[in-house]
Each structure stands twice: as C-alpha cells, then as structure tokens.
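Worksheet: the structure to be examined is printed underneath.
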Amino acid sequence: MRDREERTRSGPPEGSPTTSGFNRRDFLKGSGAAAAATALVTATETVTAQDVKSNVRSAEPQKVTLNVNGEDHTLEIEPRVTLLDALRNDLSLTGCKDVDERDAAGADTVIIDGKAVLAGSRLAIECEGQKIRTVESLVADGNIDPVVASFVKHDAQQCGFCTPGFVMAMRAFVDKNPKASDEEIREGLGGNICRCGTYDGIMKCALELTGGA
Ligand code: FES
C-alpha cells in the first residue's frame with residue numbers, strides 16, 4: 001500500500017516503464033529534443049524575419065544604378081518603376097517599345113547578362129549589378145551590328161514597332177545558337193510578335209545569320 005502511494009506522488013521509479021510503454025528517461029530525452037527543435041525553428045524564423053526586413057525597401061524614390069550599354073547611370077526612381085520605364089523615361093532610350101501591358105509582343109526586349117528579357121517585366125531596381133543592352137548599342141560609333149544590317153537587307157519591317165524587340169531577341173538568340181536550324185529559330189524567336197506579318201523577312205535574316213541561307 002505504502003509502495004503504491006509513493007508511486008502515485010513521485011511517479012514510477014527511474015527507468016521503469018509506464019502503462020503507455022514510456023519511462024521517465026524516454027520522456028526527458030523526448031522533451032530535450034522537442035526543446036532543441038523549438039529553438040531551431042525559432043532561430044530559423046528569426047533569420048527569415050531578418051532577411052525579409054533587409055529586403056524591404058521604402059516606396060520613396062531612391063538611387064538605383066543601372067549599367068546600360070556599358071555605362072553606369074544612377075537614377076532617382078521609385079522601386080515600382082519597371083526597367084522599360086526607366087530606360088524610356090529616365091534614360092531616353094526609346095528603342096524598346098511599350099506596346100501592351102501584358103508584355104505579349106516582345107517589343108520591349110533587351111539583353112540582360114546575355115539573355116533576352118522583357119524590360120516591362122522587370123523592376124529597374126532588380127537589374128542593379130547586371131549588364132543591360134538595348135537596341136541602341138547595336139548601332140554605335142559608326143558600327144552597325146550584323147543583325148541590324150540583315151533586317152535592312154531583307155526589308156524585315158513595315159511599321160517598325162516590333163523591330164527593335166525582334167532585333168534584340170535575334171541578337172541574343174544568334175549569340176547562343178550560331179548554327180541554329182530552321183525549327184530552332186522559330187522556337188527561339190517565338191516570344192516576339194509582328195502584327196504587320198514580316199515573319200518571312202525576319203526568317204531570312206535569322207537563316208542568313210546562322211548560316212542556313
Ligand atoms: S513591322 Fe509592324 S508590328 Fe512588326
């Protein structure tokens with residue numbers, strides 16, 4: 001009886017199993033692991049919160065430095081400004097066109113770190129530290145880029161609104177695929193649209209530049 005009362009007050013002796021199959025040592029081990037896991041989660045949450053905090057920017061205009069066509073330009077712009085607007089409105093580089101809000105036509109194509117990118121789909125602030133090329137860079141210091149020369153040669157434009165985007169998309173594509181096939185060209189330039197339907201001339205340019213014509 002006495003033995004039964006002591007067990008009721010102080011719990012089972014060290015190491016003896018409980019009715020659920022756990023003993024006190026197991027419980028202590030388990031609670032230690034739980035405490036460590038809680039500490040880890042808390043630490044992770046703290047780091048995450050700090051990371052988020054360091055990424056939060058004020059909505060006020062701030063200095064953003066863009067490297068465009070080999071030159072650094074420091075602008076005072078709001079974080080919400082797209083690269084397209086920064087290029088056109090702040091740097092007067094109007095070659096890339098603002099055709100549609102959904103960026104479906106590709107007329108705003110620029111090259112960032114070697115890749116064709118829609119300038120309207122990027123915030124200018126995201127592009128700090130990257131090398132941005134616009135169509136203006138293809139005709140500079142009296143030199144005409146072969147892509148531009150080919151567009152002229154094959155009369156690959158009508159209204160010309162899509163042309164700068166196509167030229168930049170083709171420049172990036174040919175740089176990466178200098179010997180592309182007909183099918184690869186169609187796929188590679190599929191993100192750009194010409195409402196005037198100058199695809200025949202554009203295809204001739206691409207084939208000429210990739211050695212297919
Ligand atoms: S030349 Fe007019 S949209 Fe392409």
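Scheme for the structure tokens: letters A, B, ... for chains in order shown; per-chain residue numbers from 1; ligand numbers from 1 in order shown.
Restricting the atom set to only C-alpha atoms and all ligand atoms, one finds that the residues within 8 Å of ligand 1 amount to Ala156, Gln157, Gln158, Cys159, Gly160, Phe161, Cys162, Thr163, Ile193, Cys194, Arg195, Cys196, Gly197 and Thr198 of chain A.
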>> Just want the 8 Å neighbourhood of A:Leu189, counted on only C-alpha atoms, with same-chain residues fewer than 4 positions away dropped. Output as a VMD selection string.
In response: chain A and resid 166 169 to 170 173 185
Write out, as a PDB file, in the first residue's frame, the residues just selected, with N, CA and C atoms.
```pdb
ATOM      1  N   PHE A 166      12.492  42.479 -81.887  1.00  0.00           N
ATOM      2  CA  PHE A 166      12.919  41.326 -82.689  1.00  0.00           C
ATOM      3  C   PHE A 166      14.435  41.319 -82.878  1.00  0.00           C
ATOM      4  N   ALA A 169      16.021  40.217 -79.645  1.00  0.00           N
ATOM      5  CA  ALA A 169      15.779  38.783 -79.422  1.00  0.00           C
ATOM      6  C   ALA A 169      16.671  37.968 -80.353  1.00  0.00           C
ATOM      7  N   MET A 170      16.801  38.434 -81.596  1.00  0.00           N
ATOM      8  CA  MET A 170      17.637  37.694 -82.551  1.00  0.00           C
ATOM      9  C   MET A 170      19.120  37.793 -82.182  1.00  0.00           C
ATOM     10  N   PHE A 173      19.630  35.396 -79.451  1.00  0.00           N
ATOM     11  CA  PHE A 173      19.462  34.021 -79.935  1.00  0.00           C
ATOM     12  C   PHE A 173      20.670  33.579 -80.760  1.00  0.00           C
ATOM     13  N   ILE A 185      15.133  28.225 -84.788  1.00  0.00           N
ATOM     14  CA  ILE A 185      14.927  29.679 -84.945  1.00  0.00           C
ATOM     15  C   ILE A 185      13.480  30.040 -84.639  1.00  0.00           C
TER      16      ILE A 185
END
```
>> Report as number ranges by chain all protein, DNA and RNA residues lying within 9 Å of stretch 206-212 of chain A, evaluated on only C-alpha atoms, omitting residues in the same chain fewer than 5 positions from it.
In response: A: 146-147, 150, 170, 174, 177-182, 185, 201
Limited to N, CA and C atoms, could you put the picked residues into a file as a CSV table (one decimal), in the first residue's frame?
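Final output, selection_29.csv:
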```csv
chain,number,residue,atom,x,y,z
A,146,PRO,N,25.6,43.2,-87.4
A,146,PRO,CA,25.1,42.4,-88.5
A,146,PRO,C,23.6,42.1,-88.4
A,147,VAL,N,23.0,42.0,-87.2
A,147,VAL,CA,21.6,41.7,-87.2
A,147,VAL,C,20.8,42.9,-87.8
A,150,SER,N,21.2,43.0,-91.5
A,150,SER,CA,20.4,41.9,-92.1
A,150,SER,C,18.9,42.3,-92.2
A,170,MET,N,16.8,38.4,-81.6
A,170,MET,CA,17.6,37.7,-82.6
A,170,MET,C,19.1,37.8,-82.2
A,174,VAL,N,21.1,34.4,-81.7
A,174,VAL,CA,22.2,34.1,-82.6
A,174,VAL,C,23.5,33.9,-81.8
A,177,ASN,N,23.1,30.5,-80.3
A,177,ASN,CA,22.8,29.5,-81.3
A,177,ASN,C,23.3,29.9,-82.7
A,178,PRO,N,24.6,30.0,-82.9
A,178,PRO,CA,25.2,30.5,-84.1
A,178,PRO,C,24.9,29.6,-85.3
A,179,LYS,N,24.5,28.3,-85.1
A,179,LYS,CA,24.2,27.4,-86.2
A,179,LYS,C,22.8,26.8,-86.0
A,180,ALA,N,21.9,27.6,-85.6
A,180,ALA,CA,20.5,27.1,-85.3
A,180,ALA,C,19.8,26.6,-86.6
A,181,SER,N,19.0,25.6,-86.4
A,181,SER,CA,18.2,25.1,-87.5
A,181,SER,C,16.9,26.0,-87.7
A,182,ASP,N,16.3,25.7,-88.8
A,182,ASP,CA,15.0,26.5,-89.1
A,182,ASP,C,14.0,26.3,-87.9
A,185,ILE,N,15.1,28.2,-84.8
A,185,ILE,CA,14.9,29.7,-84.9
A,185,ILE,C,13.5,30.0,-84.6
A,201,GLY,N,10.6,38.0,-93.9
A,201,GLY,CA,11.9,38.7,-93.9
A,201,GLY,C,12.7,38.4,-92.7
```
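Among the candidates A:Leu123, A:Val56, A:Leu66, A:Ala104, the one nearest to A:Arg80 when counting only C-alpha atoms is A:Leu123.
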> Leaving out stretch 137-144 of chain A and any residue of its chain fewer than 5 positions from it, which residues lie within 12 Å of it when counting only C-alpha atoms, given as a list in words?
Replying inline: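 With the cut-off at 12 Å, the set is Val68, Asn69, Gly70, Glu71, Leu93, Gly95, Cys96, Val110, Ile111, Ile132, Ala149, Ser150, Phe151, Val152, Pro164, Val167, Met168, Met170, Arg171 and Ala172 of chain A.
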Would you list the contacts of A:Ala119 as a JSON list (two decimals) with N, CA, C and O atoms, in the first residue's frame, taking every protein, DNA or RNA residue within 6 Å and counting only C-alpha atoms, but skipping same-chain residues closer than 4 positions in sequence?
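Contents of the output file out_35.json:
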```json
[["chain", "number", "residue", "atom", "x", "y", "z"],
["A", 83, "LEU", "N", 11.98, 48.42, -65.60],
["A", 83, "LEU", "CA", 13.18, 48.71, -66.38],
["A", 83, "LEU", "C", 12.79, 49.43, -67.67],
["A", 83, "LEU", "O", 13.48, 50.37, -68.09],
["A", 84, "LEU", "N", 11.68, 49.00, -68.26],
["A", 84, "LEU", "CA", 11.22, 49.64, -69.51],
["A", 84, "LEU", "C", 10.99, 51.13, -69.31],
["A", 84, "LEU", "O", 11.48, 51.96, -70.09],
["A", 108, "ASP", "N", 9.55, 45.08, -76.16],
["A", 108, "ASP", "CA", 10.40, 45.69, -75.12],
["A", 108, "ASP", "C", 11.61, 44.80, -74.79],
["A", 108, "ASP", "O", 12.19, 44.92, -73.71],
["A", 109, "THR", "N", 11.98, 43.93, -75.72],
["A", 109, "THR", "CA", 13.09, 43.01, -75.43],
["A", 109, "THR", "C", 14.42, 43.75, -75.35],
["A", 109, "THR", "O", 14.77, 44.53, -76.23]]
```
> Which parts of stretch 62-190 of chain A does DSSP call helix (DSSP H, G or I) when run on the backbone here, written out as a PyMOL selection string?
Replying inline: chain A and resi 83-90+119-121+124-127+135-138+146-153+163-176+182-188
Would you mind exporting N, CA and C atoms of the selected residues as a short mmCIF file (atom, residue, chain, number, x, y, z; two decimals), in the first residue's frame?
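Final file, result_11.cif:
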```
data_model
loop_
_atom_site.label_atom_id
_atom_site.label_comp_id
_atom_site.auth_asym_id
_atom_site.auth_seq_id
_atom_site.Cartn_x
_atom_site.Cartn_y
_atom_site.Cartn_z
N LEU A 83 11.98 48.42 -65.60
CA LEU A 83 13.18 48.71 -66.38
C LEU A 83 12.79 49.43 -67.67
N LEU A 84 11.68 49.00 -68.26
CA LEU A 84 11.22 49.64 -69.51
C LEU A 84 10.99 51.13 -69.31
N ASP A 85 10.30 51.50 -68.25
CA ASP A 85 10.04 52.92 -67.99
C ASP A 85 11.32 53.67 -67.65
N ALA A 86 12.21 53.02 -66.91
CA ALA A 86 13.48 53.69 -66.57
C ALA A 86 14.29 53.96 -67.84
N LEU A 87 14.32 52.98 -68.74
CA LEU A 87 15.09 53.16 -69.98
C LEU A 87 14.47 54.27 -70.84
N ARG A 88 13.15 54.20 -70.99
CA ARG A 88 12.49 55.14 -71.89
C ARG A 88 12.37 56.54 -71.27
N ASN A 89 11.91 56.60 -70.02
CA ASN A 89 11.59 57.91 -69.43
C ASN A 89 12.78 58.59 -68.76
N ASP A 90 13.67 57.80 -68.19
CA ASP A 90 14.79 58.42 -67.45
C ASP A 90 16.07 58.47 -68.25
N ALA A 119 11.80 44.03 -70.88
CA ALA A 119 12.11 45.11 -69.92
C ALA A 119 10.89 45.50 -69.09
N GLY A 120 9.69 45.32 -69.65
CA GLY A 120 8.47 45.67 -68.92
C GLY A 120 8.15 44.69 -67.81
N SER A 121 8.81 43.55 -67.82
CA SER A 121 8.52 42.53 -66.81
C SER A 121 9.50 42.58 -65.65
N ALA A 124 13.28 48.06 -62.40
CA ALA A 124 14.62 48.59 -62.63
C ALA A 124 15.55 48.24 -61.46
N ILE A 125 15.00 48.31 -60.27
CA ILE A 125 15.80 48.08 -59.07
C ILE A 125 16.36 46.65 -59.02
N GLU A 126 15.64 45.72 -59.66
CA GLU A 126 16.11 44.33 -59.72
C GLU A 126 17.34 44.18 -60.60
N CYS A 127 17.54 45.14 -61.48
CA CYS A 127 18.57 45.00 -62.51
C CYS A 127 19.89 45.64 -62.10
N VAL A 135 18.73 48.17 -77.85
CA VAL A 135 18.95 48.16 -79.30
C VAL A 135 19.88 49.30 -79.74
N GLU A 136 19.93 50.36 -78.95
CA GLU A 136 20.81 51.48 -79.31
C GLU A 136 22.27 51.05 -79.37
N SER A 137 22.62 50.00 -78.62
CA SER A 137 24.03 49.57 -78.59
C SER A 137 24.44 48.89 -79.89
N LEU A 138 23.45 48.52 -80.72
CA LEU A 138 23.78 47.80 -81.95
C LEU A 138 24.16 48.74 -83.10
N PRO A 146 25.56 43.19 -87.37
CA PRO A 146 25.08 42.37 -88.49
C PRO A 146 23.58 42.06 -88.44
N VAL A 147 23.00 41.98 -87.25
CA VAL A 147 21.55 41.71 -87.16
C VAL A 147 20.77 42.89 -87.75
N VAL A 148 21.19 44.09 -87.39
CA VAL A 148 20.52 45.28 -87.91
C VAL A 148 20.70 45.35 -89.43
N ALA A 149 21.93 45.11 -89.88
CA ALA A 149 22.22 45.16 -91.33
C ALA A 149 21.36 44.14 -92.07
N SER A 150 21.19 42.98 -91.48
CA SER A 150 20.39 41.93 -92.13
C SER A 150 18.91 42.32 -92.20
N PHE A 151 18.39 42.96 -91.16
CA PHE A 151 17.00 43.42 -91.19
C PHE A 151 16.80 44.42 -92.33
N VAL A 152 17.78 45.30 -92.51
CA VAL A 152 17.68 46.29 -93.59
C VAL A 152 17.75 45.57 -94.93
N LYS A 153 18.70 44.68 -95.07
CA LYS A 153 18.90 43.96 -96.33
C LYS A 153 17.65 43.19 -96.75
N THR A 163 10.18 45.89 -84.39
CA THR A 163 11.53 45.60 -84.90
C THR A 163 12.63 45.65 -83.84
N PRO A 164 12.71 46.68 -83.00
CA PRO A 164 13.80 46.68 -82.00
C PRO A 164 13.77 45.45 -81.09
N GLY A 165 12.57 45.03 -80.73
CA GLY A 165 12.45 43.83 -79.88
C GLY A 165 12.91 42.59 -80.62
N PHE A 166 12.49 42.48 -81.89
CA PHE A 166 12.92 41.33 -82.69
C PHE A 166 14.44 41.32 -82.88
N VAL A 167 14.98 42.50 -83.13
CA VAL A 167 16.43 42.60 -83.35
C VAL A 167 17.19 42.15 -82.10
N MET A 168 16.73 42.58 -80.93
CA MET A 168 17.43 42.19 -79.70
C MET A 168 17.24 40.72 -79.39
N ALA A 169 16.02 40.22 -79.64
CA ALA A 169 15.78 38.78 -79.42
C ALA A 169 16.67 37.97 -80.35
N MET A 170 16.80 38.43 -81.60
CA MET A 170 17.64 37.69 -82.55
C MET A 170 19.12 37.79 -82.18
N ARG A 171 19.53 38.97 -81.71
CA ARG A 171 20.94 39.11 -81.30
C ARG A 171 21.27 38.11 -80.18
N ALA A 172 20.41 38.04 -79.18
CA ALA A 172 20.65 37.11 -78.07
C ALA A 172 20.59 35.67 -78.56
N PHE A 173 19.63 35.40 -79.45
CA PHE A 173 19.46 34.02 -79.94
C PHE A 173 20.67 33.58 -80.76
N VAL A 174 21.10 34.42 -81.68
CA VAL A 174 22.22 34.05 -82.56
C VAL A 174 23.52 33.92 -81.75
N ASP A 175 23.68 34.75 -80.75
CA ASP A 175 24.87 34.64 -79.89
C ASP A 175 24.96 33.26 -79.26
N LYS A 176 23.80 32.73 -78.87
CA LYS A 176 23.79 31.42 -78.20
C LYS A 176 23.67 30.26 -79.17
N ASP A 182 16.25 25.75 -88.78
CA ASP A 182 15.01 26.46 -89.07
C ASP A 182 14.02 26.34 -87.89
N GLU A 183 13.88 25.12 -87.42
CA GLU A 183 12.93 24.87 -86.32
C GLU A 183 13.37 25.56 -85.03
N GLU A 184 14.67 25.51 -84.75
CA GLU A 184 15.18 26.16 -83.54
C GLU A 184 14.99 27.67 -83.60
N ILE A 185 15.13 28.22 -84.79
CA ILE A 185 14.93 29.68 -84.95
C ILE A 185 13.48 30.04 -84.64
N ARG A 186 12.55 29.27 -85.20
CA ARG A 186 11.12 29.55 -84.97
C ARG A 186 10.80 29.46 -83.47
N GLU A 187 11.36 28.48 -82.83
CA GLU A 187 11.10 28.31 -81.40
C GLU A 187 11.79 29.42 -80.59
N GLY A 188 13.03 29.71 -80.97
CA GLY A 188 13.81 30.71 -80.22
C GLY A 188 13.25 32.11 -80.31
#
```
> What gap, in Å, lies between atom CA of A:Asp100 and atom CA of A:Ile77?
Replying inline: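 Separating atom CA of A:Asp100 from atom CA of A:Ile77 is a distance of 22.2 Å.
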